[in-house]
Amino acid sequence: MTVVYSDTKPDVTLDHKRIILTVRPGSDAAKRARVIHEWHKALLHEAVPTLIQKWEHKLKVEVGGYFLQKMKTKWGSCNHRAGHIRLNTELVRKPRICSNM
């Protein structure tokens, strides 16, 4: 990962196989981590709805909604009564093949 300091809105981009994190000068490690975490959430928000559609059909269930958050000890959880799924944002770091089983 390359960190670029610029007086622009914080952003994360991919350049071939390199991650470029752009933050304002003086940004501390916590701020850089928050920017990366929000980027991970955005990536998951792109991927999760398609996966939910696929697995709803296969498992014959209906998902009422999903939530993304950083978790220390779980990949996810569900509330079957409400139909809600909670997923760990660290899943974005795992190979995509893991979601296609």
# chains A, B, ... in the order shown; residues from 1 in each chain; ligands from 1

$ select_by_dssp --residues "chain A" --states "alpha helix (DSSP H)" --output "NGL selection string"
:A and (29-59)

$ residues_around --residues "Val48 of chain A" --least-positions-apart "4" --cutoff "12 Å" --atoms "only C-alpha atoms" --output "list in words"
His40, Lys41, Ala42, Leu43, Leu44, Ile52, Gln53, Lys54, Trp55, Glu56, Val63, Gly65, Tyr66, Phe67, Leu68, Ile85, Arg86, Leu87, Asn88, Thr89, Leu91, Val92, Arg96, Ser99 and Asn100 of chain A

$ write_last_selection --atoms "N, CA and C atoms" --output "mmCIF file, in the first residue's frame"
data_model
loop_
_atom_site.group_PDB
_atom_site.id
_atom_site.type_symbol
_atom_site.label_atom_id
_atom_site.label_comp_id
_atom_site.auth_asym_id
_atom_site.auth_seq_id
_atom_site.Cartn_x
_atom_site.Cartn_y
_atom_site.Cartn_z
ATOM 1 N N HIS A 40 -13.397 -0.687 2.584
ATOM 2 C CA HIS A 40 -13.766 -2.104 2.657
ATOM 3 C C HIS A 40 -15.284 -2.260 2.717
ATOM 4 N N LYS A 41 -15.946 -1.435 3.516
ATOM 5 C CA LYS A 41 -17.403 -1.507 3.600
ATOM 6 C C LYS A 41 -18.049 -1.211 2.252
ATOM 7 N N ALA A 42 -17.526 -0.230 1.536
ATOM 8 C CA ALA A 42 -18.081 0.106 0.223
ATOM 9 C C ALA A 42 -17.922 -1.062 -0.752
ATOM 10 N N LEU A 43 -16.771 -1.728 -0.707
ATOM 11 C CA LEU A 43 -16.560 -2.898 -1.571
ATOM 12 C C LEU A 43 -17.554 -4.006 -1.250
ATOM 13 N N LEU A 44 -17.787 -4.227 0.034
ATOM 14 C CA LEU A 44 -18.737 -5.261 0.436
ATOM 15 C C LEU A 44 -20.166 -4.888 0.050
ATOM 16 N N ILE A 52 -26.392 -12.403 -1.503
ATOM 17 C CA ILE A 52 -27.635 -12.664 -0.773
ATOM 18 C C ILE A 52 -28.672 -13.257 -1.716
ATOM 19 N N GLN A 53 -28.811 -12.664 -2.886
ATOM 20 C CA GLN A 53 -29.778 -13.206 -3.865
ATOM 21 C C GLN A 53 -29.481 -14.662 -4.180
ATOM 22 N N LYS A 54 -28.219 -14.963 -4.414
ATOM 23 C CA LYS A 54 -27.820 -16.328 -4.761
ATOM 24 C C LYS A 54 -28.168 -17.302 -3.634
ATOM 25 N N TRP A 55 -27.808 -16.948 -2.401
ATOM 26 C CA TRP A 55 -27.978 -17.872 -1.294
ATOM 27 C C TRP A 55 -29.402 -17.904 -0.753
ATOM 28 N N GLU A 56 -30.148 -16.826 -0.900
ATOM 29 C CA GLU A 56 -31.563 -16.860 -0.517
ATOM 30 C C GLU A 56 -32.274 -17.961 -1.290
ATOM 31 N N VAL A 63 -33.956 -12.684 3.231
ATOM 32 C CA VAL A 63 -33.153 -11.771 4.033
ATOM 33 C C VAL A 63 -33.832 -10.407 4.051
ATOM 34 N N GLY A 65 -32.481 -7.711 5.592
ATOM 35 C CA GLY A 65 -31.458 -6.679 5.524
ATOM 36 C C GLY A 65 -30.130 -7.221 6.010
ATOM 37 N N TYR A 66 -29.083 -6.454 5.737
ATOM 38 C CA TYR A 66 -27.760 -6.860 6.202
ATOM 39 C C TYR A 66 -27.022 -5.647 6.763
ATOM 40 N N PHE A 67 -26.076 -5.917 7.637
ATOM 41 C CA PHE A 67 -25.272 -4.888 8.277
ATOM 42 C C PHE A 67 -23.812 -5.291 8.178
ATOM 43 N N LEU A 68 -22.942 -4.321 8.039
ATOM 44 C CA LEU A 68 -21.505 -4.574 7.969
ATOM 45 C C LEU A 68 -20.833 -3.897 9.150
ATOM 46 N N ILE A 85 -28.837 -10.165 8.581
ATOM 47 C CA ILE A 85 -27.494 -10.745 8.570
ATOM 48 C C ILE A 85 -26.513 -9.651 8.956
ATOM 49 N N ARG A 86 -25.545 -10.006 9.786
ATOM 50 C CA ARG A 86 -24.466 -9.087 10.167
ATOM 51 C C ARG A 86 -23.163 -9.736 9.698
ATOM 52 N N LEU A 87 -22.390 -9.010 8.880
ATOM 53 C CA LEU A 87 -21.156 -9.547 8.314
ATOM 54 C C LEU A 87 -19.943 -8.743 8.759
ATOM 55 N N ASN A 88 -18.841 -9.443 8.951
ATOM 56 C CA ASN A 88 -17.587 -8.828 9.342
ATOM 57 C C ASN A 88 -16.945 -8.164 8.122
ATOM 58 N N THR A 89 -16.526 -6.919 8.257
ATOM 59 C CA THR A 89 -15.908 -6.216 7.132
ATOM 60 C C THR A 89 -14.562 -6.827 6.741
ATOM 61 N N LEU A 91 -14.132 -9.733 5.897
ATOM 62 C CA LEU A 91 -14.379 -10.703 4.827
ATOM 63 C C LEU A 91 -13.880 -10.204 3.475
ATOM 64 N N VAL A 92 -13.813 -8.895 3.311
ATOM 65 C CA VAL A 92 -13.366 -8.321 2.044
ATOM 66 C C VAL A 92 -11.921 -8.713 1.743
ATOM 67 N N ARG A 96 -12.253 -14.191 -3.196
ATOM 68 C CA ARG A 96 -13.638 -14.193 -3.669
ATOM 69 C C ARG A 96 -14.162 -15.626 -3.848
ATOM 70 N N SER A 99 -16.686 -17.178 -1.426
ATOM 71 C CA SER A 99 -18.112 -16.833 -1.420
ATOM 72 C C SER A 99 -18.877 -17.570 -2.515
ATOM 73 N N ASN A 100 -18.190 -18.307 -3.362
ATOM 74 C CA ASN A 100 -18.838 -18.958 -4.502
ATOM 75 C C ASN A 100 -19.050 -20.448 -4.305
#

$ residues_around --residues "Gly26 of chain A" --least-positions-apart "5" --cutoff "12 Å" --atoms "only C-alpha atoms" --output "PDB file with C-alpha atoms, in the first residue's frame"
ATOM      1  CA  VAL A   3       0.112   6.447   1.258  1.00  0.00           C
ATOM      2  CA  VAL A   4      -0.175   9.791  -0.528  1.00  0.00           C
ATOM      3  CA  TYR A   5      -0.614  12.997   1.451  1.00  0.00           C
ATOM      4  CA  SER A   6      -2.729  15.612  -0.302  1.00  0.00           C
ATOM      5  CA  ASP A   7      -5.142  18.401   0.650  1.00  0.00           C
ATOM      6  CA  LYS A  31      -7.598   8.129  10.525  1.00  0.00           C
ATOM      7  CA  ARG A  32      -5.881   6.038   7.830  1.00  0.00           C
TER       8      ARG A  32
END

$ closest_residue --among "A:Thr2, A:Thr22, A:Ser27, A:Asn79" --to "Gly64 of chain A" --atoms "only C-alpha atoms"
A:Asn79

$ select_by_dssp --residues "chain A" --states "strand (DSSP E or B)" --output "list of chain:residue names"
A:Thr2, A:Val3, A:Val4, A:Tyr5, A:Asp11, A:Val12, A:Thr13, A:Leu14, A:Asp15, A:Arg18, A:Ile19, A:Ile20, A:Leu21, A:Thr22, A:Val23, A:Gly65, A:Tyr66, A:Phe67, A:Leu68, A:Gln69, A:Gly76, A:Ser77, A:Cys78, A:Asn79, A:His84, A:Ile85, A:Arg86, A:Leu87, A:Asn88

$ decode --residues "segment 33-64 of chain A" --atoms "N, CA, C and O atoms" --output "mmCIF file, in the first residue's frame"
data_model
loop_
_atom_site.group_PDB
_atom_site.id
_atom_site.type_symbol
_atom_site.label_atom_id
_atom_site.label_comp_id
_atom_site.auth_asym_id
_atom_site.auth_seq_id
_atom_site.Cartn_x
_atom_site.Cartn_y
_atom_site.Cartn_z
ATOM 1 N N ALA A 33 -6.696 4.149 9.118
ATOM 2 C CA ALA A 33 -7.429 2.892 9.315
ATOM 3 C C ALA A 33 -8.921 3.078 9.064
ATOM 4 O O ALA A 33 -9.572 2.214 8.467
ATOM 5 N N ARG A 34 -9.493 4.213 9.500
ATOM 6 C CA ARG A 34 -10.917 4.481 9.263
ATOM 7 C C ARG A 34 -11.219 4.614 7.770
ATOM 8 O O ARG A 34 -12.238 4.115 7.294
ATOM 9 N N VAL A 35 -10.335 5.271 7.036
ATOM 10 C CA VAL A 35 -10.539 5.435 5.595
ATOM 11 C C VAL A 35 -10.517 4.070 4.907
ATOM 12 O O VAL A 35 -11.378 3.767 4.074
ATOM 13 N N ILE A 36 -9.567 3.224 5.275
ATOM 14 C CA ILE A 36 -9.489 1.868 4.700
ATOM 15 C C ILE A 36 -10.730 1.068 5.080
ATOM 16 O O ILE A 36 -11.316 0.364 4.248
ATOM 17 N N HIS A 37 -11.172 1.175 6.329
ATOM 18 C CA HIS A 37 -12.356 0.441 6.779
ATOM 19 C C HIS A 37 -13.591 0.859 5.984
ATOM 20 O O HIS A 37 -14.385 0.011 5.560
ATOM 21 N N GLU A 38 -13.767 2.148 5.764
ATOM 22 C CA GLU A 38 -14.914 2.628 4.977
ATOM 23 C C GLU A 38 -14.831 2.141 3.530
ATOM 24 O O GLU A 38 -15.843 1.826 2.916
ATOM 25 N N TRP A 39 -13.638 2.074 3.000
ATOM 26 C CA TRP A 39 -13.446 1.549 1.636
ATOM 27 C C TRP A 39 -13.835 0.071 1.588
ATOM 28 O O TRP A 39 -14.522 -0.371 0.675
ATOM 29 N N HIS A 40 -13.397 -0.687 2.584
ATOM 30 C CA HIS A 40 -13.766 -2.104 2.657
ATOM 31 C C HIS A 40 -15.284 -2.260 2.717
ATOM 32 O O HIS A 40 -15.854 -3.122 2.039
ATOM 33 N N LYS A 41 -15.946 -1.435 3.516
ATOM 34 C CA LYS A 41 -17.403 -1.507 3.600
ATOM 35 C C LYS A 41 -18.049 -1.211 2.252
ATOM 36 O O LYS A 41 -18.998 -1.886 1.849
ATOM 37 N N ALA A 42 -17.526 -0.230 1.536
ATOM 38 C CA ALA A 42 -18.081 0.106 0.223
ATOM 39 C C ALA A 42 -17.922 -1.062 -0.752
ATOM 40 O O ALA A 42 -18.838 -1.375 -1.526
ATOM 41 N N LEU A 43 -16.771 -1.728 -0.707
ATOM 42 C CA LEU A 43 -16.560 -2.898 -1.571
ATOM 43 C C LEU A 43 -17.554 -4.006 -1.250
ATOM 44 O O LEU A 43 -18.103 -4.655 -2.143
ATOM 45 N N LEU A 44 -17.787 -4.227 0.034
ATOM 46 C CA LEU A 44 -18.737 -5.261 0.436
ATOM 47 C C LEU A 44 -20.166 -4.888 0.050
ATOM 48 O O LEU A 44 -20.939 -5.756 -0.363
ATOM 49 N N HIS A 45 -20.523 -3.621 0.169
ATOM 50 C CA HIS A 45 -21.873 -3.190 -0.226
ATOM 51 C C HIS A 45 -22.108 -3.444 -1.720
ATOM 52 O O HIS A 45 -23.249 -3.628 -2.142
ATOM 53 N N GLU A 46 -21.049 -3.467 -2.516
ATOM 54 C CA GLU A 46 -21.177 -3.793 -3.939
ATOM 55 C C GLU A 46 -21.397 -5.294 -4.142
ATOM 56 O O GLU A 46 -22.124 -5.704 -5.037
ATOM 57 N N ALA A 47 -20.765 -6.116 -3.318
ATOM 58 C CA ALA A 47 -20.775 -7.563 -3.526
ATOM 59 C C ALA A 47 -21.893 -8.299 -2.795
ATOM 60 O O ALA A 47 -22.428 -9.295 -3.306
ATOM 61 N N VAL A 48 -22.257 -7.846 -1.621
ATOM 62 C CA VAL A 48 -23.181 -8.598 -0.763
ATOM 63 C C VAL A 48 -24.577 -8.796 -1.361
ATOM 64 O O VAL A 48 -25.111 -9.912 -1.290
ATOM 65 N N PRO A 49 -25.218 -7.794 -1.952
ATOM 66 C CA PRO A 49 -26.570 -8.025 -2.472
ATOM 67 C C PRO A 49 -26.659 -9.182 -3.480
ATOM 68 O O PRO A 49 -27.599 -9.978 -3.425
ATOM 69 N N THR A 50 -25.671 -9.304 -4.340
ATOM 70 C CA THR A 50 -25.664 -10.415 -5.300
ATOM 71 C C THR A 50 -25.520 -11.752 -4.592
ATOM 72 O O THR A 50 -26.197 -12.722 -4.936
ATOM 73 N N LEU A 51 -24.661 -11.791 -3.596
ATOM 74 C CA LEU A 51 -24.478 -13.036 -2.840
ATOM 75 C C LEU A 51 -25.737 -13.395 -2.058
ATOM 76 O O LEU A 51 -26.106 -14.566 -1.968
ATOM 77 N N ILE A 52 -26.392 -12.403 -1.503
ATOM 78 C CA ILE A 52 -27.635 -12.664 -0.773
ATOM 79 C C ILE A 52 -28.672 -13.257 -1.716
ATOM 80 O O ILE A 52 -29.330 -14.242 -1.382
ATOM 81 N N GLN A 53 -28.811 -12.664 -2.886
ATOM 82 C CA GLN A 53 -29.778 -13.206 -3.865
ATOM 83 C C GLN A 53 -29.481 -14.662 -4.180
ATOM 84 O O GLN A 53 -30.384 -15.501 -4.216
ATOM 85 N N LYS A 54 -28.219 -14.963 -4.414
ATOM 86 C CA LYS A 54 -27.820 -16.328 -4.761
ATOM 87 C C LYS A 54 -28.168 -17.302 -3.634
ATOM 88 O O LYS A 54 -28.782 -18.341 -3.870
ATOM 89 N N TRP A 55 -27.808 -16.948 -2.401
ATOM 90 C CA TRP A 55 -27.978 -17.872 -1.294
ATOM 91 C C TRP A 55 -29.402 -17.904 -0.753
ATOM 92 O O TRP A 55 -29.837 -18.924 -0.220
ATOM 93 N N GLU A 56 -30.148 -16.826 -0.900
ATOM 94 C CA GLU A 56 -31.563 -16.860 -0.517
ATOM 95 C C GLU A 56 -32.274 -17.961 -1.290
ATOM 96 O O GLU A 56 -33.031 -18.747 -0.723
ATOM 97 N N HIS A 57 -32.025 -17.991 -2.576
ATOM 98 C CA HIS A 57 -32.665 -18.990 -3.444
ATOM 99 C C HIS A 57 -32.229 -20.404 -3.056
ATOM 100 O O HIS A 57 -33.063 -21.297 -2.913
ATOM 101 N N LYS A 58 -30.922 -20.594 -2.886
ATOM 102 C CA LYS A 58 -30.412 -21.944 -2.570
ATOM 103 C C LYS A 58 -30.888 -22.436 -1.205
ATOM 104 O O LYS A 58 -31.165 -23.623 -1.035
ATOM 105 N N LEU A 59 -30.956 -21.535 -0.229
ATOM 106 C CA LEU A 59 -31.326 -21.926 1.128
ATOM 107 C C LEU A 59 -32.811 -21.773 1.420
ATOM 108 O O LEU A 59 -33.274 -22.121 2.507
ATOM 109 N N LYS A 60 -33.546 -21.213 0.448
ATOM 110 C CA LYS A 60 -34.993 -20.999 0.592
ATOM 111 C C LYS A 60 -35.312 -20.174 1.840
ATOM 112 O O LYS A 60 -36.144 -20.544 2.669
ATOM 113 N N VAL A 61 -34.605 -19.032 1.952
ATOM 114 C CA VAL A 61 -34.834 -18.089 3.036
ATOM 115 C C VAL A 61 -35.004 -16.692 2.439
ATOM 116 O O VAL A 61 -34.715 -16.469 1.270
ATOM 117 N N GLU A 62 -35.476 -15.768 3.262
ATOM 118 C CA GLU A 62 -35.605 -14.389 2.814
ATOM 119 C C GLU A 62 -34.847 -13.482 3.777
ATOM 120 O O GLU A 62 -35.059 -13.535 4.983
ATOM 121 N N VAL A 63 -33.956 -12.684 3.231
ATOM 122 C CA VAL A 63 -33.153 -11.771 4.033
ATOM 123 C C VAL A 63 -33.832 -10.407 4.051
ATOM 124 O O VAL A 63 -34.106 -9.835 3.003
ATOM 125 N N GLY A 64 -34.094 -9.904 5.254
ATOM 126 C CA GLY A 64 -34.728 -8.602 5.392
ATOM 127 C C GLY A 64 -33.741 -7.457 5.294
ATOM 128 O O GLY A 64 -34.102 -6.341 4.947
#
